[in-house]
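Raw query.cif, mmCIF, C-alpha atoms, pLDDT in the B column; chains and numbers go by the auth columns:
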```cif
data_entry
loop_
_atom_site.group_PDB
_atom_site.id
_atom_site.type_symbol
_atom_site.label_atom_id
_atom_site.label_comp_id
_atom_site.label_asym_id
_atom_site.label_seq_id
_atom_site.Cartn_x
_atom_site.Cartn_y
_atom_site.Cartn_z
_atom_site.B_iso_or_equiv
_atom_site.auth_seq_id
_atom_site.auth_asym_id
ATOM 1 C CA ASP A 1 -28.838 23.198 -31.102 64.00 1 W
ATOM 2 C CA ILE A 2 -25.507 21.448 -30.541 68.00 2 W
ATOM 3 C CA GLU A 3 -24.692 18.185 -32.264 74.00 3 W
ATOM 4 C CA ILE A 4 -22.688 15.840 -30.050 76.00 4 W
ATOM 5 C CA ASP A 5 -20.357 13.122 -31.283 79.00 5 W
ATOM 6 C CA MET A 6 -19.056 11.764 -27.983 79.00 6 W
ATOM 7 C CA HIS A 7 -16.093 9.412 -27.609 81.00 7 W
ATOM 8 C CA LEU A 8 -15.713 7.900 -24.143 78.00 8 W
ATOM 9 C CA THR A 9 -12.337 6.589 -23.092 76.00 9 W
ATOM 10 C CA ASP A 10 -10.122 6.569 -20.045 70.00 10 W
ATOM 11 C CA ALA A 11 -7.107 6.822 -22.360 73.00 11 W
ATOM 12 C CA PHE A 12 -5.308 10.094 -23.006 76.00 12 W
ATOM 13 C CA VAL A 13 -6.337 11.451 -26.417 81.00 13 W
ATOM 14 C CA ASP A 14 -4.488 14.082 -28.449 84.00 14 W
ATOM 15 C CA ILE A 15 -7.523 16.238 -29.197 84.00 15 W
ATOM 16 C CA ILE A 16 -5.736 18.379 -31.788 82.00 16 W
ATOM 17 C CA ARG A 17 -4.462 15.430 -33.831 87.00 17 W
ATOM 18 C CA GLU A 18 -7.777 13.562 -33.470 87.00 18 W
ATOM 19 C CA GLY A 19 -9.804 16.643 -34.464 83.00 19 W
ATOM 20 C CA PHE A 20 -11.883 17.049 -31.288 85.00 20 W
ATOM 21 C CA ASP A 21 -13.282 20.441 -30.299 85.00 21 W
ATOM 22 C CA LEU A 22 -12.758 19.746 -26.603 86.00 22 W
ATOM 23 C CA ALA A 23 -12.205 17.073 -23.993 86.00 23 W
ATOM 24 C CA ILE A 24 -13.310 16.668 -20.414 86.00 24 W
ATOM 25 C CA ARG A 25 -10.252 15.625 -18.418 84.00 25 W
ATOM 26 C CA ILE A 26 -10.488 14.342 -14.878 82.00 26 W
ATOM 27 C CA GLY A 27 -7.490 14.393 -12.570 78.00 27 W
ATOM 28 C CA GLU A 28 -4.354 16.451 -12.295 80.00 28 W
ATOM 29 C CA LEU A 29 -3.598 18.308 -15.514 79.00 29 W
ATOM 30 C CA GLU A 30 -0.139 18.150 -16.962 75.00 30 W
ATOM 31 C CA ASP A 31 1.374 21.185 -18.612 67.00 31 W
ATOM 32 C CA SER A 32 0.231 21.423 -22.202 73.00 32 W
ATOM 33 C CA SER A 33 -0.459 23.849 -24.989 77.00 33 W
ATOM 34 C CA LEU A 34 -4.211 23.358 -24.447 82.00 34 W
ATOM 35 C CA VAL A 35 -6.454 25.879 -22.737 83.00 35 W
ATOM 36 C CA ALA A 36 -8.179 24.517 -19.632 84.00 36 W
ATOM 37 C CA ARG A 37 -11.246 25.640 -17.733 86.00 37 W
ATOM 38 C CA LYS A 38 -11.821 24.124 -14.331 86.00 38 W
ATOM 39 C CA LEU A 39 -15.406 22.908 -14.068 87.00 39 W
ATOM 40 C CA ALA A 40 -15.366 21.331 -10.611 84.00 40 W
ATOM 41 C CA ASN A 41 -13.161 20.091 -7.817 84.00 41 W
ATOM 42 C CA GLU A 42 -12.726 16.373 -7.506 86.00 42 W
ATOM 43 C CA VAL A 43 -12.374 14.692 -4.136 89.00 43 W
ATOM 44 C CA ARG A 44 -11.030 11.150 -4.112 91.00 44 W
ATOM 45 C CA VAL A 45 -11.201 8.818 -1.126 95.00 45 W
ATOM 46 C CA ILE A 46 -9.743 5.417 -0.341 97.00 46 W
ATOM 47 C CA CYS A 47 -12.621 2.997 0.013 97.00 47 W
ATOM 48 C CA ALA A 48 -13.627 -0.646 0.047 98.00 48 W
ATOM 49 C CA ALA A 49 -16.678 -2.845 0.312 98.00 49 W
ATOM 50 C CA PRO A 50 -17.481 -4.075 3.838 98.00 50 W
ATOM 51 C CA ASN A 51 -16.947 -7.721 2.802 97.00 51 W
ATOM 52 C CA TYR A 52 -13.398 -6.929 1.642 98.00 52 W
ATOM 53 C CA LEU A 53 -12.619 -5.214 4.958 98.00 53 W
ATOM 54 C CA GLU A 54 -14.078 -8.165 6.902 97.00 54 W
ATOM 55 C CA HIS A 55 -11.635 -10.639 5.387 96.00 55 W
ATOM 56 C CA ALA A 56 -8.604 -8.375 4.728 97.00 56 W
ATOM 57 C CA GLY A 57 -8.885 -6.011 7.688 96.00 57 W
ATOM 58 C CA THR A 58 -9.098 -2.230 7.724 97.00 58 W
ATOM 59 C CA PRO A 59 -5.878 -0.292 7.120 97.00 59 W
ATOM 60 C CA ASN A 60 -4.960 2.068 9.968 96.00 60 W
ATOM 61 C CA SER A 61 -2.053 3.853 8.275 95.00 61 W
ATOM 62 C CA LEU A 62 -0.711 4.546 4.801 96.00 62 W
ATOM 63 C CA ALA A 63 1.955 1.890 5.420 95.00 63 W
ATOM 64 C CA ASP A 64 -0.849 -0.685 5.868 96.00 64 W
ATOM 65 C CA LEU A 65 -1.844 -0.200 2.212 95.00 65 W
ATOM 66 C CA GLU A 66 1.192 -2.277 1.258 94.00 66 W
ATOM 67 C CA ALA A 67 -0.546 -5.399 2.610 94.00 67 W
ATOM 68 C CA HIS A 68 -3.804 -4.725 0.743 97.00 68 W
ATOM 69 C CA ASN A 69 -5.040 -5.506 -2.736 97.00 69 W
ATOM 70 C CA CYS A 70 -5.317 -2.067 -4.334 96.00 70 W
ATOM 71 C CA LEU A 71 -7.408 -1.880 -7.496 95.00 71 W
ATOM 72 C CA LEU A 72 -5.681 0.205 -10.141 91.00 72 W
ATOM 73 C CA ALA A 73 -7.089 2.327 -12.931 83.00 73 W
ATOM 74 C CA GLY A 74 -4.707 2.659 -15.865 74.00 74 W
ATOM 75 C CA ALA A 75 -1.099 3.347 -14.948 68.00 75 W
ATOM 76 C CA GLN A 76 -2.126 4.502 -11.474 71.00 76 W
ATOM 77 C CA ASP A 77 0.363 2.564 -9.328 80.00 77 W
ATOM 78 C CA MET A 78 1.122 5.677 -7.288 88.00 78 W
ATOM 79 C CA TRP A 79 -1.630 7.280 -5.249 92.00 79 W
ATOM 80 C CA ARG A 80 -1.105 10.992 -4.606 91.00 80 W
ATOM 81 C CA LEU A 81 -2.707 11.721 -1.280 95.00 81 W
ATOM 82 C CA ASP A 82 -3.120 14.779 0.916 94.00 82 W
ATOM 83 C CA GLY A 83 -3.421 14.294 4.648 95.00 83 W
ATOM 84 C CA PRO A 84 -3.016 16.040 7.977 94.00 84 W
ATOM 85 C CA ASP A 85 0.760 15.877 7.660 92.00 85 W
ATOM 86 C CA GLY A 86 1.029 17.032 4.030 93.00 86 W
ATOM 87 C CA SER A 87 1.234 15.308 0.647 93.00 87 W
ATOM 88 C CA HIS A 88 2.227 11.681 0.113 94.00 88 W
ATOM 89 C CA ASP A 89 2.982 9.594 -2.951 93.00 89 W
ATOM 90 C CA VAL A 90 2.082 6.034 -1.974 94.00 90 W
ATOM 91 C CA ARG A 91 3.096 3.154 -4.243 93.00 91 W
ATOM 92 C CA VAL A 92 0.311 0.581 -4.289 94.00 92 W
ATOM 93 C CA LYS A 93 -0.112 -2.817 -5.884 93.00 93 W
ATOM 94 C CA GLY A 94 -2.909 -5.207 -6.592 93.00 94 W
ATOM 95 C CA ASN A 95 -4.038 -8.041 -8.799 94.00 95 W
ATOM 96 C CA ILE A 96 -6.530 -5.998 -10.842 92.00 96 W
ATOM 97 C CA ARG A 97 -5.599 -3.174 -13.192 90.00 97 W
ATOM 98 C CA SER A 98 -7.778 -1.851 -15.978 89.00 98 W
ATOM 99 C CA ASN A 99 -7.945 1.065 -18.364 83.00 99 W
ATOM 100 C CA SER A 100 -11.681 1.158 -17.585 84.00 100 W
ATOM 101 C CA ALA A 101 -12.653 3.144 -14.500 84.00 101 W
ATOM 102 C CA GLU A 102 -16.068 1.447 -14.661 88.00 102 W
ATOM 103 C CA PHE A 103 -14.459 -2.008 -14.459 92.00 103 W
ATOM 104 C CA VAL A 104 -12.396 -0.961 -11.429 91.00 104 W
ATOM 105 C CA ARG A 105 -15.512 0.503 -9.809 93.00 105 W
ATOM 106 C CA THR A 106 -17.386 -2.791 -10.313 95.00 106 W
ATOM 107 C CA ALA A 107 -14.488 -4.807 -8.838 96.00 107 W
ATOM 108 C CA LEU A 108 -14.433 -2.432 -5.867 97.00 108 W
ATOM 109 C CA VAL A 109 -18.146 -2.830 -5.154 97.00 109 W
ATOM 110 C CA GLN A 110 -17.777 -6.626 -5.473 97.00 110 W
ATOM 111 C CA GLY A 111 -15.242 -6.589 -2.624 97.00 111 W
ATOM 112 C CA LEU A 112 -12.099 -7.392 -4.569 97.00 112 W
ATOM 113 C CA GLY A 113 -9.884 -4.718 -2.977 97.00 113 W
ATOM 114 C CA LEU A 114 -9.352 -1.092 -2.004 97.00 114 W
ATOM 115 C CA ALA A 115 -9.464 1.761 -4.502 96.00 115 W
ATOM 116 C CA LEU A 116 -8.932 5.494 -4.695 95.00 116 W
ATOM 117 C CA ARG A 117 -12.189 6.787 -6.182 93.00 117 W
ATOM 118 C CA ALA A 118 -13.891 10.109 -6.800 90.00 118 W
ATOM 119 C CA THR A 119 -16.766 10.798 -4.429 90.00 119 W
ATOM 120 C CA TRP A 120 -19.016 11.863 -7.311 86.00 120 W
ATOM 121 C CA ASP A 121 -18.532 8.390 -8.832 88.00 121 W
ATOM 122 C CA ILE A 122 -19.333 6.396 -5.699 92.00 122 W
ATOM 123 C CA SER A 123 -21.609 8.724 -3.719 90.00 123 W
ATOM 124 C CA SER A 124 -24.633 6.416 -3.872 92.00 124 W
ATOM 125 C CA GLU A 125 -22.553 3.412 -2.714 95.00 125 W
ATOM 126 C CA LEU A 126 -21.114 5.458 0.166 95.00 126 W
ATOM 127 C CA GLU A 127 -24.602 6.583 1.187 94.00 127 W
ATOM 128 C CA SER A 128 -26.028 3.047 1.029 96.00 128 W
ATOM 129 C CA GLY A 129 -23.096 1.479 2.878 96.00 129 W
ATOM 130 C CA ALA A 130 -22.050 -0.666 -0.104 97.00 130 W
ATOM 131 C CA LEU A 131 -18.665 1.088 0.184 97.00 131 W
ATOM 132 C CA GLN A 132 -16.871 2.517 3.201 97.00 132 W
ATOM 133 C CA VAL A 133 -14.168 5.166 3.343 97.00 133 W
ATOM 134 C CA VAL A 134 -10.947 3.959 4.955 97.00 134 W
ATOM 135 C CA LEU A 135 -8.201 6.252 6.220 97.00 135 W
ATOM 136 C CA PRO A 136 -10.640 9.195 6.096 96.00 136 W
ATOM 137 C CA GLU A 137 -7.919 11.662 7.091 97.00 137 W
ATOM 138 C CA TYR A 138 -6.346 11.104 3.636 97.00 138 W
ATOM 139 C CA HIS A 139 -7.856 12.009 0.284 94.00 139 W
ATOM 140 C CA GLY A 140 -6.668 12.291 -3.297 91.00 140 W
ATOM 141 C CA SER A 141 -4.487 15.228 -4.249 89.00 141 W
ATOM 142 C CA SER A 142 -6.256 18.583 -4.076 86.00 142 W
ATOM 143 C CA LYS A 143 -4.799 19.231 -7.557 85.00 143 W
ATOM 144 C CA ASN A 144 -7.357 16.807 -9.001 83.00 144 W
ATOM 145 C CA ALA A 145 -10.256 18.482 -10.756 85.00 145 W
ATOM 146 C CA ILE A 146 -12.597 18.181 -13.708 87.00 146 W
ATOM 147 C CA HIS A 147 -11.537 20.392 -16.610 88.00 147 W
ATOM 148 C CA ALA A 148 -12.723 21.229 -20.082 88.00 148 W
ATOM 149 C CA VAL A 149 -9.657 21.428 -22.318 88.00 149 W
ATOM 150 C CA TYR A 150 -9.606 22.804 -25.829 86.00 150 W
ATOM 151 C CA PRO A 151 -7.020 23.879 -28.393 83.00 151 W
ATOM 152 C CA CYS A 152 -7.304 27.655 -28.547 73.00 152 W
ATOM 153 C CA ARG A 153 -9.339 30.406 -26.952 66.00 153 W
ATOM 154 C CA GLU A 154 -8.849 32.843 -29.863 72.00 154 W
ATOM 155 C CA PHE A 155 -10.671 30.807 -32.515 72.00 155 W
ATOM 156 C CA MET A 156 -13.054 28.853 -30.297 75.00 156 W
ATOM 157 C CA PRO A 157 -16.398 28.230 -32.016 79.00 157 W
ATOM 158 C CA ALA A 158 -19.480 29.556 -30.192 83.00 158 W
ATOM 159 C CA LYS A 159 -20.869 26.013 -29.992 83.00 159 W
ATOM 160 C CA VAL A 160 -17.832 24.892 -27.955 84.00 160 W
ATOM 161 C CA ASN A 161 -18.201 27.816 -25.576 85.00 161 W
ATOM 162 C CA ALA A 162 -21.936 27.054 -25.181 86.00 162 W
ATOM 163 C CA PHE A 163 -21.144 23.411 -24.407 85.00 163 W
ATOM 164 C CA ILE A 164 -18.548 24.389 -21.788 87.00 164 W
ATOM 165 C CA GLU A 165 -20.986 26.834 -20.174 87.00 165 W
ATOM 166 C CA PHE A 166 -23.641 24.096 -20.103 85.00 166 W
ATOM 167 C CA PHE A 167 -21.270 21.742 -18.257 82.00 167 W
ATOM 168 C CA ALA A 168 -20.109 24.506 -15.912 84.00 168 W
ATOM 169 C CA ASP A 169 -23.733 25.191 -14.923 85.00 169 W
ATOM 170 C CA ILE A 170 -24.340 21.501 -14.208 81.00 170 W
ATOM 171 C CA PHE A 171 -21.274 21.175 -12.004 78.00 171 W
ATOM 172 C CA GLU A 172 -21.943 24.442 -10.213 76.00 172 W
ATOM 173 C CA ASN A 173 -25.576 23.661 -9.388 69.00 173 W
ATOM 174 C CA ASP A 174 -25.404 19.922 -8.651 64.00 174 W
ATOM 175 C CA LYS A 175 -24.509 19.344 -4.992 60.00 175 W
ATOM 176 C CA ALA A 176 -23.123 15.845 -5.729 57.00 176 W
ATOM 177 C CA TRP A 177 -20.056 17.480 -7.307 54.00 177 W
ATOM 178 C CA GLN A 178 -19.416 19.515 -4.190 53.00 178 W
ATOM 179 C CA LYS A 179 -19.347 16.596 -1.712 52.00 179 W
#
```

For this file, write the structure as structure tokens.
Amino acid sequence: DIEIDMHLTDAFVDIIREGFDLAIRIGELEDSSLVARKLANEVRVICAAPNYLEHAGTPNSLADLEAHNCLLAGAQDMWRLDGPDGSHDVRVKGNIRSNSAEFVRTALVQGLGLALRATWDISSELESGALQVVLPEYHGSSKNAIHAVYPCREFMPAKVNAFIEFFADIFENDKAWQK
């Protein structure tokens, strides 16, 4: 019994000014006046298509990323990574940058470079071998997650709460989100 008017964008949207009831935000949340409910963890891995690795080589260290074409989503020229020796901010560069995560994903699968991608987004490509994880000891920051954010808990309409609970159930019961 919920009516959905969904706007899909990789851009940051001011949900209060734009009049949205809630947003689903993926990544590391910045401090804000919004209320956030964590729906699921998000694991990101560095990956590439086998044909890219054949001609560019496989990086063996974070320093090797400097010599690779890193595909960038939005303003993401710094990859926050966690590894066996702690957290790292790695500046990366490449010849493809887009505000569309889907475009970057397509370029990745086509073998145009390396990318830092969420496992839920590329799980089928990892399983089929269309993409391979490189530097498996490193992954995106553990602060990354999928959150529902909304303006205020005090006056939250029941329909918004029902929608959040619906999403929470999906993430909790779908094993793809836990990989």

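Near Leu81 of chain W, within 7 Å and counting all atoms listed in the file, sit Ser87, His88, Asp89, Tyr138, His139, Gly140 and Ser141 of chain W; same-chain residues fewer than 3 positions away were not included.
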
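The environment of Val134 of chain W within 7 Å, counting all atoms listed in the file and disregarding residues fewer than 6 places along the same chain, consists of Ile46, Cys47 and Pro59 of chain W.
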
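Here atom CA of Arg91 of chain W stands at a distance of 9.9 Å from atom CA of Cys70 of chain W.
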
| said: Would you compute the distance between atom CA of Asn60 of chain W and atom CA of Pro84 of chain W? Give it in Å to one decimal. | reply: 14.2 Å

| query | Do you know which residues the PyMOL selection byres ((chain W and resi 145) around 9) returns on this file, as JSON, numbers by chain? | reply | {"W": [25, 26, 27, 28, 29, 38, 39, 40, 41, 42, 43, 142, 143, 144, 146, 147]}

| When the PyMOL selection byres ((chain W and resi 103) around 12) is applied to the file above, which residues end up in the set, as number ranges by chain? | W: 10, 71-74, 96-102, 104-110, 112, 115

| message | What would the selection look like, as a VMD selection string, if the PyMOL selection byres ((chain W and resi 132) around 8) were run on the coordinates I just shared? | response | chain W and resid 47 to 50 126 129 to 131 133 to 134

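Computed from the coordinates, the atom CA of Asp169 of chain W to atom CA of Leu22 of chain W distance equals 16.9 Å.
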
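Using only C-alpha atoms, the shortest contact distance between Ile164 of chain W and any of W:Ile15, W:Leu116, W:Val149, W:Ser32 is found at W:Val149.
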
Using the file's own x, y and z axes, so that the box edges lie along x, y and z, what centre and edge lengths in Å (one decimal) does a box around every listed atom of segment 125-134 of chain W get when 6 Å is added on each side? Give it as AutoDock Vina command-line options.
```
--center_x -18.5 --center_y 3.0 --center_z 1.1 --size_x 27.1 --size_y 19.2 --size_z 19.7
```

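Omitting Glu66 of chain W and its sequence neighbours fewer than 4 positions away, and counting all atoms listed in the file, the residues within 12 Å are Pro59, Asn60, Ser61, Leu62, Cys70, Asp77, Met78, Trp79, Val90, Arg91, Val92, Lys93, Gly94 and Leu114 of chain W.
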
Just save segment 25-37 of chain W with N, CA, C and O atoms, as a CSV table (one decimal), in the first residue's frame.
```csv
chain,number,residue,atom,x,y,z
W,25,ARG,N,21.6,5.7,1.0
W,25,ARG,CA,22.9,6.2,0.7
W,25,ARG,C,23.9,5.1,0.9
W,25,ARG,O,23.8,4.3,1.9
W,26,ILE,N,24.8,5.0,-0.1
W,26,ILE,CA,25.8,3.9,-0.1
W,26,ILE,C,27.1,4.5,0.1
W,26,ILE,O,27.5,5.4,-0.6
W,27,GLY,N,27.9,4.0,1.1
W,27,GLY,CA,29.2,4.5,1.3
W,27,GLY,C,29.4,4.9,2.7
W,27,GLY,O,28.7,4.4,3.6
W,28,GLU,N,30.4,5.8,2.9
W,28,GLU,CA,30.7,6.3,4.3
W,28,GLU,C,29.8,7.5,4.5
W,28,GLU,O,29.9,8.5,3.7
W,29,LEU,N,29.0,7.5,5.6
W,29,LEU,CA,28.2,8.7,5.8
W,29,LEU,C,29.0,9.8,6.4
W,29,LEU,O,29.8,9.6,7.3
W,30,GLU,N,28.7,11.0,6.0
W,30,GLU,CA,29.3,12.2,6.6
W,30,GLU,C,28.3,12.6,7.7
W,30,GLU,O,27.2,12.2,7.8
W,31,ASP,N,28.9,13.4,8.7
W,31,ASP,CA,28.0,13.9,9.7
W,31,ASP,C,26.9,14.8,9.1
W,31,ASP,O,27.2,15.5,8.2
W,32,SER,N,25.7,14.6,9.6
W,32,SER,CA,24.6,15.4,9.1
W,32,SER,C,23.5,15.5,10.1
W,32,SER,O,23.6,14.8,11.1
W,33,SER,N,22.5,16.3,9.8
W,33,SER,CA,21.4,16.4,10.8
W,33,SER,C,20.4,15.3,10.5
W,33,SER,O,19.4,15.3,11.2
W,34,LEU,N,20.6,14.5,9.5
W,34,LEU,CA,19.7,13.4,9.1
W,34,LEU,C,19.8,12.2,10.1
W,34,LEU,O,20.9,12.0,10.6
W,35,VAL,N,18.8,11.5,10.2
W,35,VAL,CA,18.8,10.2,11.0
W,35,VAL,C,19.2,9.1,10.0
W,35,VAL,O,18.7,9.1,8.9
W,36,ALA,N,20.0,8.2,10.4
W,36,ALA,CA,20.4,7.1,9.6
W,36,ALA,C,20.2,5.8,10.2
W,36,ALA,O,20.4,5.6,11.4
W,37,ARG,N,19.7,4.8,9.4
W,37,ARG,CA,19.6,3.4,9.9
W,37,ARG,C,20.4,2.6,8.9
W,37,ARG,O,20.2,2.6,7.7
```
